[in-house]
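Chemist: mmCIF, C-alpha atoms, saved as coords.cif, coming up:
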data_upload
loop_
_atom_site.label_atom_id
_atom_site.label_comp_id
_atom_site.auth_asym_id
_atom_site.auth_seq_id
_atom_site.Cartn_x
_atom_site.Cartn_y
_atom_site.Cartn_z
CA MET A 1 11.39 -4.68 16.09
CA ALA A 2 12.75 -5.12 12.60
CA PRO A 3 14.60 -1.94 11.55
CA PHE A 4 13.55 -0.01 8.45
CA SER A 5 15.55 2.52 6.45
CA ILE A 6 15.09 4.52 3.27
CA CYS A 7 17.76 4.04 0.61
CA VAL A 8 18.68 3.46 -3.03
CA ARG A 9 20.27 0.17 -4.01
CA SER A 10 23.01 1.43 -6.31
CA THR A 11 24.57 4.76 -7.24
CA ASP A 12 25.55 4.01 -10.83
CA LYS A 13 26.80 7.28 -12.35
CA LYS A 14 25.14 6.51 -15.69
CA LEU A 15 21.65 6.78 -14.22
CA GLU A 16 19.76 10.07 -14.03
CA PHE A 17 17.10 8.92 -11.56
CA TYR A 18 17.44 6.31 -8.84
CA PRO A 19 14.52 4.25 -7.51
CA VAL A 20 13.95 4.61 -3.76
CA PHE A 21 13.49 1.51 -1.58
CA ILE A 22 12.61 0.80 2.02
CA ARG A 23 15.21 -1.57 3.44
CA LEU A 24 13.98 -4.10 6.00
CA SER A 25 16.51 -6.02 8.08
CA HIS A 26 15.63 -8.94 10.33
CA ASN A 27 17.73 -11.85 11.70
CA GLN A 28 20.81 -10.73 9.73
CA ARG A 29 18.86 -10.81 6.43
CA THR A 30 17.80 -7.86 4.29
CA VAL A 31 14.99 -7.35 1.80
CA TYR A 32 13.93 -4.25 -0.11
CA LEU A 33 10.37 -2.96 -0.41
CA THR A 34 9.73 -1.01 -3.58
CA THR A 35 8.27 2.49 -3.53
CA SER A 36 6.91 4.80 -6.20
CA PHE A 37 9.58 7.44 -5.58
CA THR A 38 12.73 8.25 -7.54
CA VAL A 39 15.52 10.62 -6.62
CA THR A 40 18.27 12.46 -8.51
CA ARG A 41 21.94 12.20 -7.70
CA SER A 42 21.96 15.65 -6.07
CA LYS A 43 19.51 14.40 -3.42
CA LEU A 44 21.75 11.48 -2.41
CA LYS A 45 24.51 11.09 0.15
CA GLY A 46 26.01 7.71 -0.70
CA THR A 47 22.97 5.43 -0.75
CA GLU A 48 21.01 7.50 1.80
CA ILE A 49 18.34 10.01 0.77
CA LYS A 50 18.64 13.74 1.60
CA ASP A 51 15.28 14.81 0.12
CA HIS A 52 13.04 15.79 3.06
CA PHE A 53 9.78 15.36 1.11
CA ILE A 54 10.55 11.73 0.23
CA ILE A 55 11.72 11.02 3.78
CA GLN A 56 8.51 12.48 5.20
CA GLN A 57 6.27 10.51 2.82
CA LEU A 58 8.06 7.22 3.40
CA SER A 59 8.23 7.76 7.16
CA THR A 60 4.43 7.56 7.29
CA GLN A 61 4.60 4.32 5.28
CA ILE A 62 7.22 2.93 7.67
CA THR A 63 5.02 3.89 10.63
CA GLU A 64 2.14 1.91 9.09
CA TYR A 65 4.46 -1.06 8.61
CA MET A 66 5.56 -0.87 12.25
CA ASP A 67 1.95 -0.77 13.40
CA LYS A 68 1.22 -3.90 11.37
CA LEU A 69 4.26 -5.65 12.87
CA LYS A 70 3.09 -4.87 16.40
CA ARG A 71 0.00 -7.03 15.81
CA ILE A 72 1.92 -10.25 15.08
CA ASN A 73 4.73 -12.36 16.52
CA HIS A 74 7.34 -11.26 13.98
CA PRO A 75 10.53 -12.46 15.75
CA ALA A 76 9.56 -16.03 14.82
CA MET A 77 9.15 -15.10 11.14
CA THR A 78 11.73 -14.88 8.38
CA VAL A 79 12.41 -11.59 6.65
CA TRP A 80 10.63 -12.81 3.50
CA GLU A 81 7.53 -13.77 5.49
CA ILE A 82 7.53 -10.31 7.08
CA LYS A 83 7.81 -8.68 3.64
CA LYS A 84 4.91 -10.76 2.33
CA TYR A 85 2.81 -9.90 5.40
CA LEU A 86 3.53 -6.17 5.10
CA LEU A 87 2.67 -6.04 1.41
CA THR A 88 -0.66 -7.87 1.69
CA VAL A 89 -3.68 -5.62 1.59
CA SER A 90 -5.78 -6.17 4.68
CA GLU A 91 -8.37 -3.50 4.00
CA ILE A 92 -11.60 -4.35 2.23
CA SER A 93 -12.71 -2.30 -0.75
CA PHE A 94 -16.13 -0.65 -0.87
CA THR A 95 -17.22 -2.93 -3.73
CA ASP A 96 -16.33 -6.07 -1.79
CA PHE A 97 -18.11 -4.71 1.28
CA ALA A 98 -21.25 -3.94 -0.77
CA LYS A 99 -21.19 -7.44 -2.29
CA GLN A 100 -20.98 -8.97 1.19
CA ILE A 101 -23.95 -6.91 2.41
CA ILE A 102 -26.06 -7.80 -0.63
CA LYS A 103 -25.19 -11.48 -0.23
CA SER A 104 -26.07 -11.43 3.48
CA TYR A 105 -29.44 -9.80 2.73
CA SER A 106 -30.22 -12.29 -0.02
CA LEU A 107 -29.36 -15.20 2.31
CA LYS A 108 -31.79 -13.77 4.89
CA GLY A 109 -34.51 -13.54 2.22
CA LYS A 110 -34.72 -9.75 2.28
CA ASP A 111 -35.33 -7.80 -0.91
CA ILE A 112 -33.05 -4.92 -1.68
CA ASN A 113 -34.65 -2.16 -3.68
CA ILE A 114 -32.24 -0.25 -5.83
CA ARG A 115 -33.31 3.34 -6.47
CA PRO A 116 -31.40 5.93 -8.46
CA VAL A 117 -29.90 8.73 -6.42
CA PHE A 118 -31.25 11.38 -8.79
CA PRO A 119 -34.70 11.06 -10.37
CA LEU A 120 -34.59 10.21 -14.04
CA ALA A 121 -35.92 12.53 -16.71
CA PRO A 122 -39.51 11.71 -17.84
CA ASN A 123 -38.34 10.82 -21.37
CA THR A 124 -35.87 8.30 -19.97
CA VAL A 125 -38.58 6.58 -17.96
CA ILE A 126 -40.78 6.27 -21.07
CA PHE A 127 -37.88 4.96 -23.11
CA MET A 128 -36.95 2.44 -20.41
CA SER A 129 -40.52 1.16 -20.16
CA LEU A 130 -40.76 0.37 -23.90
#
What is this structure when it is put down as structure tokens?

Modeler:
Amino acid sequence: MAPFSICVRSTDKKLEFYPVFIRLSHNQRTVYLTTSFTVTRSKLKGTEIKDHFIIQQLSTQITEYMDKLKRINHPAMTVWEIKKYLLTVSEISFTDFAKQIIKSYSLKGKDINIRPVFPLAPNTVIFMSL
């Protein structure tokens, strides 16, 4: 299994906030996955993070990455291929799902009636019929 760790890339003293990365190592190569977290110098110990909230949040992300890696043969992949695989979105959005359903119904020749969830006001119906 490719090891993950949470870190910052540099500890330049001029910076006030440091971006947090997830480091992925595989076959003696390292890549960094960006996160939306930043940390102050007081929450650092070298390049490692001491902030428990950030560690907890990113640990769930790392767990998801590990679950995705269990589904594939990752030892045969390069570290850049693993990064690309982990960052691809495999879930389908609701809009895409709805479009697929509508397309499948139209291919079968079925009509789909679209009704409003709430009944419209009587004045709106008159206005719409004009």

Chemist: So which one's closest to A:Glu48, A:Val31, A:Ala76, A:Cys7, A:Leu15? Using only C-alpha atoms, please.

Modeler: A:Cys7

Chemist: At a cut-off of 9 Å, using only C-alpha atoms, what residues contact stretch 16-29 of chain A? Leave out same-chain residues fewer than 3 positions from it and give the result as a VMD selection string.

Modeler: chain A and resid 1 to 13 32 to 41 49 54 58 62 75 77 to 80 82 to 83

Chemist: So the first atom is atom CA of A:Phe94 and the second is atom CA of A:Ser59; what is the distance between them in Å, to one decimal place?

Modeler: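 Distance between the two atoms: 27.0 Å.
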
Chemist: What is the distance, in Å and to one decimal place, between atom CA of A:Thr47 and atom CA of A:Lys70?

Modeler: 28.2 Å

Chemist: Just give me the gap between atom CA of A:Ile72 and atom CA of A:Thr88 in Å, one decimal is fine.

Modeler: 13.8 Å

Chemist: Env of A:Lys68: 9 Å cut, atoms = only C-alpha atoms, seq-sep filter 5 positions within chain, self excluded. Answer as a ChimeraX atom specification.

Modeler: /A:63,85-86

Chemist: Centre and edge lengths of an axis-aligned box around all listed atoms of stretch 63-82 of chain A, with 3 Å added on each side, are to be given in Å to one decimal, as JSON.

Modeler:
{"center_x": 6.2, "center_y": -6.1, "center_z": 10.0, "size_x": 18.4, "size_y": 25.9, "size_z": 19.0}
